[in-house]
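See below for entry_30.cif, which holds mmCIF, C-alpha atoms and all ligand atoms.
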```cif
data_entry
loop_
_atom_site.label_atom_id
_atom_site.label_comp_id
_atom_site.auth_asym_id
_atom_site.auth_seq_id
_atom_site.Cartn_x
_atom_site.Cartn_y
_atom_site.Cartn_z
CA MET A 1 67.65 -28.89 -0.89
CA THR A 2 70.07 -27.03 1.36
CA THR A 3 68.96 -23.52 2.21
CA PRO A 4 70.80 -20.95 0.08
CA ARG A 5 73.08 -18.69 2.12
CA LEU A 6 70.85 -15.73 1.25
CA PHE A 7 67.99 -17.43 3.10
CA GLN A 8 69.90 -18.57 6.17
CA SER A 9 68.98 -16.60 9.28
CA LEU A 10 71.48 -14.44 11.12
CA THR A 11 71.35 -13.48 14.79
CA ILE A 12 72.97 -10.21 15.82
CA ARG A 13 72.72 -9.67 19.60
CA GLY A 14 69.01 -10.36 20.22
CA VAL A 15 67.94 -9.52 16.67
CA VAL A 16 67.06 -12.50 14.50
CA MET A 17 67.15 -11.76 10.77
CA PRO A 18 65.09 -14.37 8.93
CA ASN A 19 67.36 -14.02 5.91
CA ARG A 20 70.30 -11.90 4.67
CA ILE A 21 68.34 -9.46 2.52
CA VAL A 22 68.12 -5.87 3.76
CA LEU A 23 66.24 -3.02 2.16
CA ALA A 24 68.86 -0.25 1.73
CA PRO A 25 67.90 3.07 3.33
CA MET A 26 66.29 5.27 0.68
CA CYS A 27 65.11 8.83 1.29
CA GLN A 28 61.57 9.41 0.11
CA TYR A 29 61.59 13.19 0.63
CA SER A 30 57.90 12.79 1.43
CA ALA A 31 57.67 13.77 5.09
CA LYS A 32 56.29 17.05 6.40
CA ASP A 33 58.18 18.70 9.27
CA GLY A 34 59.99 15.38 9.74
CA PHE A 35 56.81 13.39 10.42
CA ALA A 36 56.25 9.99 8.80
CA ASN A 37 52.89 9.43 7.12
CA ASP A 38 50.94 6.85 5.08
CA TRP A 39 53.51 7.06 2.29
CA HIS A 40 56.23 5.66 4.55
CA LEU A 41 53.96 2.91 5.86
CA VAL A 42 52.94 1.72 2.40
CA HIS A 43 56.36 2.23 0.82
CA LEU A 44 58.25 0.29 3.50
CA GLY A 45 55.38 -2.15 4.04
CA ARG A 46 55.75 -3.37 0.45
CA PHE A 47 59.23 -4.69 1.19
CA ALA A 48 58.13 -6.30 4.46
CA MET A 49 55.72 -8.32 2.29
CA GLY A 50 58.33 -8.81 -0.42
CA GLY A 51 60.74 -11.27 1.17
CA PHE A 52 63.22 -8.86 2.79
CA GLY A 53 64.60 -9.99 6.16
CA CYS A 54 65.13 -6.42 7.31
CA VAL A 55 63.55 -3.20 6.10
CA MET A 56 65.54 -0.06 6.82
CA ALA A 57 63.84 3.32 6.88
CA GLU A 58 65.63 6.20 5.24
CA ALA A 59 68.10 8.77 6.63
CA THR A 60 66.23 10.34 9.56
CA ALA A 61 67.51 13.65 10.85
CA VAL A 62 68.58 14.31 14.44
CA GLU A 63 67.61 18.00 14.15
CA PRO A 64 65.65 20.07 11.60
CA GLU A 65 68.87 21.68 10.28
CA GLY A 66 70.26 18.19 9.60
CA ARG A 67 67.70 17.39 6.89
CA ILE A 68 68.83 17.18 3.28
CA THR A 69 65.46 18.56 2.12
CA HIS A 70 62.19 19.75 3.59
CA GLY A 71 60.81 16.25 2.93
CA ASP A 72 63.23 14.29 5.13
CA LEU A 73 62.11 12.21 8.10
CA GLY A 74 63.14 13.37 11.57
CA LEU A 75 63.42 12.09 15.12
CA TRP A 76 64.26 15.31 16.95
CA ASN A 77 60.92 15.44 18.68
CA ASP A 78 58.99 12.87 20.76
CA ALA A 79 55.86 13.57 18.71
CA GLN A 80 57.64 12.03 15.69
CA ILE A 81 57.77 8.62 17.38
CA ALA A 82 54.13 7.50 17.02
CA PRO A 83 53.74 7.71 13.20
CA LEU A 84 57.02 5.83 12.72
CA LYS A 85 55.89 3.17 15.20
CA GLN A 86 52.95 2.37 12.97
CA THR A 87 55.42 1.46 10.23
CA SER A 88 57.78 -0.51 12.48
CA ASP A 89 54.82 -2.45 13.94
CA PHE A 90 53.70 -3.47 10.46
CA ILE A 91 57.21 -4.62 9.54
CA ARG A 92 57.67 -6.60 12.77
CA ASN A 93 54.26 -8.22 12.47
CA ARG A 94 55.40 -9.66 9.13
CA GLY A 95 58.34 -11.34 10.89
CA VAL A 96 60.78 -8.83 9.44
CA VAL A 97 63.35 -6.74 11.34
CA PRO A 98 62.41 -3.02 11.43
CA ALA A 99 65.47 -0.78 11.05
CA ILE A 100 66.12 2.94 10.66
CA GLN A 101 69.07 5.09 9.64
CA ILE A 102 69.92 8.11 11.83
CA ALA A 103 71.54 11.03 10.05
CA HIS A 104 72.65 14.62 9.82
CA ALA A 105 73.20 16.17 6.40
CA GLY A 106 75.89 18.68 7.49
CA ARG A 107 77.03 20.79 4.55
CA LYS A 108 74.69 18.85 2.23
CA ALA A 109 71.60 20.12 4.11
CA SER A 110 69.06 22.60 2.77
CA MET A 111 68.83 21.21 -0.75
CA GLN A 112 66.19 20.58 -3.37
CA ARG A 113 64.36 17.28 -3.57
CA PRO A 114 66.12 15.29 -6.35
CA TRP A 115 63.21 15.62 -8.74
CA ASN A 116 63.17 19.42 -8.23
CA GLY A 117 66.77 19.73 -9.38
CA ASN A 118 68.99 18.03 -6.75
CA GLY A 119 70.90 21.27 -6.19
CA PRO A 120 70.73 24.24 -3.84
CA LEU A 121 67.26 25.68 -3.20
CA ASN A 122 66.32 28.30 -5.80
CA GLU A 123 63.49 30.71 -6.66
CA SER A 124 61.08 27.97 -7.74
CA ASP A 125 61.59 26.16 -4.42
CA LEU A 126 60.96 29.40 -2.52
CA ALA A 127 57.73 29.80 -4.50
CA ARG A 128 56.73 26.33 -3.26
CA GLY A 129 57.40 27.50 0.29
CA ASP A 130 60.72 25.67 0.73
CA GLN A 131 62.89 28.23 2.52
CA PRO A 132 66.64 27.56 2.80
CA TRP A 133 68.22 27.43 6.24
CA GLU A 134 71.68 28.06 7.66
CA ILE A 135 73.94 25.03 7.55
CA LYS A 136 76.95 23.90 9.57
CA ALA A 137 79.89 21.61 8.88
CA PRO A 138 83.35 20.74 10.26
CA SER A 139 84.87 23.41 7.99
CA ALA A 140 83.45 26.31 6.04
CA ILE A 141 83.68 24.66 2.62
CA ALA A 142 80.65 24.62 0.32
CA VAL A 143 79.60 21.51 -1.64
CA ASP A 144 80.27 23.36 -4.88
CA ALA A 145 79.96 26.78 -6.52
CA GLY A 146 76.45 28.14 -5.96
CA TYR A 147 75.81 26.07 -2.82
CA ILE A 148 75.31 27.58 0.66
CA LEU A 149 78.57 28.18 2.52
CA PRO A 150 78.38 26.28 5.82
CA GLU A 151 79.49 27.83 9.07
CA GLU A 152 82.24 25.98 10.97
CA LEU A 153 80.84 24.09 13.96
CA SER A 154 82.13 25.14 17.38
CA LYS A 155 83.31 22.48 19.83
CA ALA A 156 80.24 23.08 21.99
CA GLU A 157 77.97 22.57 18.95
CA ILE A 158 79.79 19.34 18.08
CA GLU A 159 79.26 18.03 21.62
CA GLN A 160 75.57 18.94 21.34
CA LEU A 161 75.28 17.03 18.06
CA VAL A 162 76.78 13.91 19.65
CA ILE A 163 74.01 14.11 22.25
CA ARG A 164 71.37 14.66 19.52
CA PHE A 165 72.42 11.44 17.74
CA GLY A 166 71.97 9.61 21.04
CA GLU A 167 68.57 11.20 21.68
CA ALA A 168 67.32 10.34 18.18
CA THR A 169 68.49 6.75 18.77
CA ALA A 170 66.49 6.56 22.00
CA ARG A 171 63.44 7.76 20.02
CA ALA A 172 64.13 5.16 17.32
CA ASP A 173 64.11 2.52 20.06
CA ALA A 174 60.83 3.90 21.41
CA ALA A 175 59.45 3.86 17.86
CA GLY A 176 59.96 0.08 17.80
CA PHE A 177 63.06 -0.25 15.65
CA ASP A 178 65.32 -3.20 16.53
CA LEU A 179 68.23 -2.06 14.42
CA VAL A 180 69.64 1.43 14.05
CA GLU A 181 72.22 2.51 11.50
CA THR A 182 74.51 5.51 11.83
CA HIS A 183 74.74 7.37 8.52
CA GLY A 184 78.48 7.90 8.25
CA ALA A 185 78.60 7.99 4.44
CA HIS A 186 78.01 10.06 1.29
CA GLY A 187 79.58 13.32 2.43
CA TYR A 188 76.96 14.10 5.07
CA LEU A 189 77.98 15.39 8.49
CA ILE A 190 79.88 12.36 9.86
CA ALA A 191 81.58 11.58 6.54
CA SER A 192 82.60 15.23 6.19
CA PHE A 193 84.41 14.98 9.52
CA LEU A 194 86.23 11.83 8.33
CA SER A 195 87.59 13.16 5.05
CA PRO A 196 90.63 15.46 4.97
CA ILE A 197 89.04 17.20 1.97
CA THR A 198 86.08 18.52 3.97
CA ASN A 199 87.62 18.57 7.47
CA GLN A 200 90.34 21.17 7.72
CA ARG A 201 89.99 21.81 11.45
CA HIS A 202 93.01 22.32 13.66
CA ASP A 203 91.35 21.28 16.96
CA SER A 204 90.85 17.79 18.40
CA TYR A 205 88.09 17.03 15.84
CA GLY A 206 90.41 17.48 12.86
CA GLY A 207 94.00 17.03 11.78
CA ASP A 208 95.24 13.46 11.63
CA ARG A 209 93.02 10.41 11.07
CA ALA A 210 92.43 9.93 14.81
CA GLY A 211 91.20 13.52 15.10
CA ARG A 212 88.96 13.26 12.05
CA MET A 213 87.50 9.94 13.34
CA ARG A 214 86.74 11.39 16.76
CA PHE A 215 83.24 12.71 15.94
CA ALA A 216 82.20 9.44 14.26
CA LEU A 217 83.34 7.39 17.25
CA GLU A 218 81.69 9.73 19.78
CA VAL A 219 78.42 9.54 17.81
CA ALA A 220 78.56 5.74 17.60
CA ARG A 221 79.27 5.54 21.34
CA SER A 222 76.41 7.90 22.13
CA MET A 223 74.04 5.84 19.96
CA ARG A 224 75.22 2.53 21.43
CA GLU A 225 74.58 3.87 24.93
CA LYS A 226 70.98 4.78 24.09
CA LEU A 227 70.22 1.51 22.33
CA PRO A 228 69.28 -1.48 24.52
CA SER A 229 72.03 -4.10 24.43
CA HIS A 230 69.79 -6.64 22.64
CA LYS A 231 69.33 -4.28 19.69
CA ALA A 232 71.76 -3.97 16.78
CA LEU A 233 73.83 -0.98 15.67
CA PHE A 234 75.10 -0.71 12.08
CA PHE A 235 77.39 1.99 10.69
CA ARG A 236 77.32 3.03 7.03
CA VAL A 237 80.63 4.29 5.74
CA SER A 238 81.80 5.67 2.43
CA SER A 239 84.63 3.16 2.17
CA VAL A 240 86.44 5.53 -0.20
CA ASP A 241 85.65 9.13 -1.10
CA GLY A 242 86.45 8.56 -4.71
CA ALA A 243 88.31 11.88 -4.59
CA GLU A 244 92.07 12.36 -4.77
CA ASN A 245 93.82 12.47 -1.37
CA GLY A 246 90.54 11.68 0.36
CA TRP A 247 89.35 8.96 2.75
CA SER A 248 90.66 5.55 1.67
CA MET A 249 90.20 1.85 2.36
CA ALA A 250 93.24 1.95 4.66
CA ASP A 251 91.27 4.46 6.77
CA THR A 252 88.02 2.48 6.60
CA VAL A 253 89.50 -0.68 8.08
CA VAL A 254 90.98 1.30 11.00
CA LEU A 255 87.64 3.03 11.63
CA ALA A 256 85.77 -0.29 11.37
CA ALA A 257 88.00 -1.94 13.99
CA GLU A 258 87.45 1.00 16.37
CA LEU A 259 83.70 0.89 15.79
CA ARG A 260 83.70 -2.86 16.52
CA SER A 261 85.39 -2.22 19.86
CA ILE A 262 82.67 0.21 20.91
CA GLY A 263 79.82 -2.15 20.05
CA VAL A 264 78.95 -1.51 16.40
CA ASP A 265 77.78 -4.83 14.97
CA VAL A 266 77.94 -4.42 11.20
CA ILE A 267 79.70 -2.05 8.78
CA ASP A 268 77.53 -1.16 5.79
CA CYS A 269 80.05 -0.53 3.02
CA SER A 270 78.99 2.17 0.60
CA SER A 271 81.24 4.76 -1.06
CA GLY A 272 81.49 8.25 -2.56
CA GLY A 273 79.22 11.27 -2.24
CA LEU A 274 81.70 13.63 -0.65
CA THR A 275 81.50 16.22 -3.39
CA GLY A 276 78.48 17.18 -5.46
CA SER A 277 74.89 16.78 -4.40
CA SER A 278 74.33 13.10 -5.13
CA THR A 279 75.95 9.98 -3.77
CA THR A 280 77.91 9.44 -6.97
CA GLN A 281 81.45 8.29 -6.73
CA ASN A 282 84.09 9.25 -9.25
CA THR A 283 85.04 5.68 -10.02
CA LYS A 284 83.63 3.20 -12.49
CA ARG A 285 80.46 1.45 -11.43
CA GLY A 286 79.68 -2.11 -12.37
CA LEU A 287 77.69 -4.96 -10.84
CA GLY A 288 78.50 -5.28 -7.13
CA TYR A 289 81.15 -2.52 -7.45
CA GLN A 290 81.27 -1.85 -3.70
CA ALA A 291 81.36 -5.49 -2.59
CA PRO A 292 85.22 -5.57 -2.57
CA PHE A 293 85.08 -2.85 0.13
CA ALA A 294 82.81 -5.04 2.25
CA LYS A 295 85.13 -8.03 1.75
CA GLU A 296 88.27 -6.15 2.74
CA THR A 297 86.62 -4.55 5.78
CA ARG A 298 85.28 -7.94 6.91
CA GLU A 299 88.65 -9.64 6.50
CA VAL A 300 90.94 -6.94 7.86
CA ALA A 301 88.82 -5.44 10.64
CA GLY A 302 87.18 -8.73 11.62
CA ILE A 303 83.65 -7.33 11.71
CA PRO A 304 80.53 -8.47 9.84
CA THR A 305 79.70 -6.36 6.80
CA MET A 306 76.84 -5.52 4.48
CA ALA A 307 77.43 -5.22 0.73
CA VAL A 308 75.40 -2.75 -1.31
CA GLY A 309 75.42 -1.26 -4.79
CA LEU A 310 74.21 -2.70 -8.09
CA ILE A 311 73.31 -6.09 -6.68
CA LEU A 312 70.52 -7.09 -8.99
CA ASP A 313 69.42 -10.67 -8.46
CA GLY A 314 69.45 -13.70 -6.18
CA PRO A 315 72.31 -15.63 -7.81
CA GLN A 316 74.56 -12.52 -7.73
CA ALA A 317 73.76 -11.95 -4.05
CA GLU A 318 74.27 -15.63 -3.23
CA LYS A 319 77.69 -15.59 -4.92
CA LEU A 320 78.80 -12.60 -2.83
CA LEU A 321 77.90 -14.44 0.37
CA GLU A 322 79.57 -17.62 -0.88
CA GLU A 323 82.79 -15.72 -1.66
CA GLY A 324 82.79 -14.23 1.84
CA SER A 325 82.32 -10.67 0.60
CA ALA A 326 79.70 -9.86 3.22
CA ASP A 327 77.28 -11.22 5.79
CA LEU A 328 74.29 -9.22 4.56
CA ILE A 329 73.14 -7.91 1.20
CA ALA A 330 71.39 -4.55 0.84
CA ILE A 331 69.17 -3.89 -2.14
CA GLY A 332 68.23 -0.35 -3.15
CA ARG A 333 67.00 0.65 -6.60
CA GLU A 334 66.28 -2.88 -7.77
CA ALA A 335 63.81 -3.10 -4.87
CA LEU A 336 62.09 0.05 -6.12
CA LYS A 337 61.66 -1.74 -9.42
CA ASN A 338 60.55 -4.97 -7.79
CA PRO A 339 59.32 -4.75 -4.17
CA HIS A 340 59.06 -8.57 -4.12
CA TRP A 341 62.80 -8.84 -4.79
CA GLY A 342 63.31 -11.24 -1.87
CA HIS A 343 60.66 -13.67 -3.07
CA ASP A 344 61.96 -13.56 -6.64
CA ALA A 345 65.50 -14.19 -5.36
CA ALA A 346 64.27 -17.28 -3.51
CA TYR A 347 62.53 -18.57 -6.62
CA SER A 348 65.58 -17.95 -8.79
CA LEU A 349 67.75 -19.91 -6.35
CA GLY A 350 65.40 -22.89 -6.61
CA PHE A 351 64.05 -22.23 -3.15
CA ASP A 352 60.43 -21.63 -2.18
CA HIS A 353 58.88 -23.08 -5.35
CA ASP A 354 55.61 -23.50 -3.46
CA PHE A 355 55.45 -19.76 -2.66
CA GLY A 356 55.43 -20.62 1.04
CA LEU A 357 57.47 -17.54 1.96
CA TRP A 358 54.95 -15.17 0.37
CA PRO A 359 52.14 -13.69 2.45
CA GLU A 360 49.45 -16.37 2.37
CA GLN A 361 47.06 -13.86 0.83
CA SER A 362 49.17 -14.12 -2.35
CA GLY A 363 51.19 -17.33 -1.92
CA TRP A 364 48.19 -19.65 -1.77
CA TRP A 365 46.99 -18.41 -5.16
CA LEU A 366 50.40 -18.40 -6.82
CA ASP A 367 51.02 -21.99 -5.73
CA LYS A 368 47.59 -23.11 -6.95
CA ARG A 369 48.19 -21.40 -10.30
CA ALA A 370 51.64 -22.96 -10.70
CA LYS A 371 50.29 -26.45 -9.96
CA ALA A 372 47.41 -25.97 -12.40
CA MET A 373 49.80 -24.86 -15.12
CA ASN A 374 52.08 -27.85 -14.53
CA ARG A 375 49.26 -30.37 -14.64
C1 LIG B 401 65.91 7.01 -3.82
C2 LIG B 401 67.19 6.75 -3.08
C3 LIG B 401 67.35 7.29 -1.81
C4 LIG B 401 68.51 7.01 -1.05
N1 LIG B 401 68.60 7.44 0.24
C5 LIG B 401 69.61 7.01 1.01
C6 LIG B 401 69.59 7.23 2.40
O1 LIG B 401 68.62 7.74 2.98
N2 LIG B 401 70.69 6.84 3.11
C7 LIG B 401 71.74 6.21 2.52
O2 LIG B 401 72.71 5.88 3.20
N3 LIG B 401 71.75 5.94 1.21
C8 LIG B 401 70.70 6.29 0.46
N4 LIG B 401 70.66 5.92 -0.86
C9 LIG B 401 71.68 4.99 -1.38
C10 LIG B 401 71.17 3.53 -1.27
O3 LIG B 401 70.98 3.16 0.09
C11 LIG B 401 72.15 2.54 -1.93
O4 LIG B 401 73.34 2.54 -1.21
C12 LIG B 401 72.43 2.88 -3.38
O5 LIG B 401 71.22 3.14 -4.07
C13 LIG B 401 73.19 1.75 -4.08
O6 LIG B 401 72.47 0.55 -4.03
P1 LIG B 401 71.58 0.02 -5.30
O7 LIG B 401 72.49 -0.08 -6.49
O8 LIG B 401 71.04 -1.31 -4.84
O9 LIG B 401 70.49 1.03 -5.52
C14 LIG B 401 69.54 6.23 -1.62
C15 LIG B 401 69.38 5.75 -2.93
C16 LIG B 401 68.22 5.98 -3.65
C17 LIG B 401 68.07 5.38 -5.02
#
```
Can the structure from this file be put into structure tokens for me?
Amino acid sequence: MTTPRLFQSLTIRGVVMPNRIVLAPMCQYSAKDGFANDWHLVHLGRFAMGGFGCVMAEATAVEPEGRITHGDLGLWNDAQIAPLKQTSDFIRNRGVVPAIQIAHAGRKASMQRPWNGNGPLNESDLARGDQPWEIKAPSAIAVDAGYILPEELSKAEIEQLVIRFGEATARADAAGFDLVETHGAHGYLIASFLSPITNQRHDSYGGDRAGRMRFALEVARSMREKLPSHKALFFRVSSVDGAENGWSMADTVVLAAELRSIGVDVIDCSSGGLTGSSTTQNTKRGLGYQAPFAKETREVAGIPTMAVGLILDGPQAEKLLEEGSADLIAIGREALKNPHWGHDAAYSLGFDHDFGLWPEQSGWWLDKRAKAMNR
């Protein structure tokens, strides 16, 4: 049979993806002082054994103040490289591309872990030892009533943050990641510069679209400079804020074209998250609801894209590739439910019926069982 599109390899610069399935970045809120541990190795390792072509580690902060919660990963310190390298080595040794998302939470920093309330830190968090910290953002506008009011970043602080994104990228490279993604979505620092709702500056980092895009472009440039040219740089954008008079698709395609010209390889098309603590968007969600953003960005800006959001099975993912919606498919929550999502997708597309793509420690047995049952 012909290889389904989902299982055709893709080469980006020197990075060879064995298939089009990417594990979406998903915060585990399980680090201490930004350091990765066994949880991250086992959590991400599952997907490297589960048929994903690329496994992306969660939003990883460029400075302690840029963490969403006390449990976020960080790469602000050289000592944080080694424990992450253990994870990237495991992923690479499975023939899978190790990737990591680099982030700063901006005004959405200093929050509770989702399962502790997903809001601003309160008395019960303090009792656990989770102290709040001062937060900064493009403008002094809080996420909502009851949230910490951020201080407006000075120009000098903005320039320092651009450097920090570059430094964290250099550490990600040293930690063995072949693909780095800029977190420009969900209302965190970069996204809050992009949107006119959260960026009300009057200097060169605010105002019109070009001013509001300036920080994002400087960060992407700084990251590209620190990443060897054979490694890939992705950029995740909230294609639309989902808020009235906010960032729109017309803005996204302009940003995407600019990012392409400075060496970003793929736009990862998410949406929403500007207001409120979660990444929710104020528009209706259905299967593949963000894929139209990936399609439009790909067609108008002429840059490869990744589709994400309620993509549940192999045939659905295959259809999106067939329709030209995206070049890559990211799977988030469905992977939490089924870490072998990639292998199941292959099976459901009539591919890999001999379990040859599985780790041989499992595949050999599954094939033998299937043959015995068919006898
Ligand atoms: C537990 C969890 C943690 C997440 N953490 C991140 C993150 O670190 N960075 C990010 O850009 N998106 C994050 N997201 C959003 C996912 O990457 C993804 O875009 C979203 O879940 C939609 O895809 P899905 O329907 O396949 O889950 C997270 C989502 C979940 C469920």
What does the structure give for the distance between CA of Leu366 (chain A) and CA of Asp352 (chain A), in Å to one decimal?
11.5 Å
For chain A versus ligand LIG 401 (chain B), which residues have an atom no more than 10 Å away, and what is each residue's nearest atom pair and distance in Å rounded to one decimal, using all atoms listed in the file, chain-then-number order, as CSV?
```
residue,atom,partner,partner_atom,distance
A:Leu23,CA,B:LIG401,O3,8.1
A:Ala24,CA,B:LIG401,O3,4.3
A:Pro25,CA,B:LIG401,O3,4.5
A:Met26,CA,B:LIG401,N1,3.2
A:Cys27,CA,B:LIG401,N1,3.9
A:Gln28,CA,B:LIG401,C1,6.3
A:Tyr29,CA,B:LIG401,C3,8.6
A:Met56,CA,B:LIG401,O1,9.2
A:Ala57,CA,B:LIG401,O1,7.6
A:Glu58,CA,B:LIG401,O1,4.1
A:Ala59,CA,B:LIG401,O1,3.8
A:Thr60,CA,B:LIG401,O1,7.5
A:Ala61,CA,B:LIG401,O1,9.9
A:Ile68,CA,B:LIG401,O1,9.4
A:Asp72,CA,B:LIG401,O1,8.8
A:Leu73,CA,B:LIG401,O1,9.4
A:Ile100,CA,B:LIG401,O1,9.4
A:Gln101,CA,B:LIG401,N2,7.0
A:Ile102,CA,B:LIG401,N2,8.8
A:Ala103,CA,B:LIG401,N2,8.2
A:Pro114,CA,B:LIG401,C1,8.7
A:Glu181,CA,B:LIG401,O2,9.0
A:Thr182,CA,B:LIG401,O2,8.8
A:His183,CA,B:LIG401,O2,5.9
A:Gly184,CA,B:LIG401,O2,7.9
A:Ala185,CA,B:LIG401,O2,6.4
A:His186,CA,B:LIG401,O2,7.0
A:Tyr188,CA,B:LIG401,O2,9.4
A:Phe235,CA,B:LIG401,O2,9.7
A:Arg236,CA,B:LIG401,O2,6.6
A:Val237,CA,B:LIG401,O2,8.5
A:Ser238,CA,B:LIG401,O2,9.1
A:Asp268,CA,B:LIG401,O2,8.9
A:Cys269,CA,B:LIG401,O4,8.5
A:Ser270,CA,B:LIG401,O4,5.9
A:Ser271,CA,B:LIG401,O4,8.2
A:Gly273,CA,B:LIG401,N3,9.8
A:Ser278,CA,B:LIG401,C14,9.1
A:Thr279,CA,B:LIG401,C9,7.0
A:Thr280,CA,B:LIG401,C12,9.3
A:Arg285,CA,B:LIG401,O7,9.5
A:Gly286,CA,B:LIG401,O7,9.5
A:Leu287,CA,B:LIG401,O7,8.4
A:Gly288,CA,B:LIG401,O7,8.0
A:Tyr289,CA,B:LIG401,O7,9.0
A:Gln290,CA,B:LIG401,C13,8.9
A:Ala307,CA,B:LIG401,O6,9.0
A:Val308,CA,B:LIG401,O6,5.2
A:Gly309,CA,B:LIG401,O6,3.5
A:Leu310,CA,B:LIG401,O7,3.5
A:Ile311,CA,B:LIG401,O8,5.6
A:Leu312,CA,B:LIG401,O8,7.1
A:Ile329,CA,B:LIG401,O8,9.2
A:Ala330,CA,B:LIG401,O8,6.5
A:Ile331,CA,B:LIG401,O8,4.2
A:Gly332,CA,B:LIG401,O8,3.4
A:Arg333,CA,B:LIG401,O9,3.7
A:Glu334,CA,B:LIG401,O8,5.8
A:Ala335,CA,B:LIG401,O8,7.4
A:Leu336,CA,B:LIG401,C17,8.1
```
May I ask for the distance between CA of Ile197 (chain A) and CA of Leu121 (chain A), given in Å to one decimal place?
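Result for CA of Ile197 (chain A) versus CA of Leu121 (chain A): 23.9 Å, one decimal.
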Using only C-alpha atoms: which of A:Val97, A:Ala145, A:Ala127, A:Ala168 has the shortest distance to Ile12 (chain A):
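Of A:Val97, A:Ala145, A:Ala127, A:Ala168, the one nearest Ile12 (chain A), counting only C-alpha atoms, is A:Val97.
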Of the listed residues A:Glu244, A:Glu218, A:Glu322, A:Glu225, that which approaches Glu258 (chain A) most closely, counting all atoms listed in the file
A:Glu218
Minimum-distance residue to His70 (chain A), chosen among A:Asn338, A:Ser110, A:Thr297, A:Thr11 (using all atoms listed in the file)
A:Ser110
Which residues come within 10 Å of region 205-211 of chain A, counting only C-alpha atoms, excluding same-chain residues fewer than 5 positions away, as a PyMOL selection string?
chain A and resi 138-139+155+158+193-196+198-200+216-217+247+251+254-255
Which polymer residues have any atom within 9 Å of an atom of Val162 (chain A), counting only C-alpha atoms, with same-chain residues fewer than 4 positions away left out, as a ChimeraX atom specification?
/A:157-158,166-167,215-216,218-223
Please report the interatomic distance between CA of Arg214 (chain A) and CA of Glu159 (chain A) in Å with one decimal.
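Between CA of Arg214 (chain A) and CA of Glu159 (chain A) the gap works out to 11.1 Å.
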With 8 Å of padding per side, what axis-aligned box (centre and edge lengths, Å, one decimal) covers all the listed atoms of region 116-125 of chain A? Give it as JSON.
```
{"center_x": 66.0, "center_y": 24.4, "center_z": -6.3, "size_x": 25.8, "size_y": 28.7, "size_z": 22.2}
```
Closest to Ile163 (chain A) among A:Val62, A:Leu84, A:Ile303, A:Ala31, using all atoms listed in the file?
A:Val62
Have a look at A:Ala191, A:Pro18, A:Ile91, A:Gln86 and name the one nearest to His104 (chain A); count only C-alpha atoms.
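Closest candidate: A:Ala191.
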Point out the residue among A:Ile135, A:Ala48, A:Gln316, A:Met1 with the least atom-to-atom distance to Asp89 (chain A), counting only C-alpha atoms.
A:Ala48
Counting all atoms listed in the file, what is within 7 Å of Phe52 (chain A), bar same-chain residues fewer than 5 positions away, as number ranges by chain?
A: 21-23, 47, 342
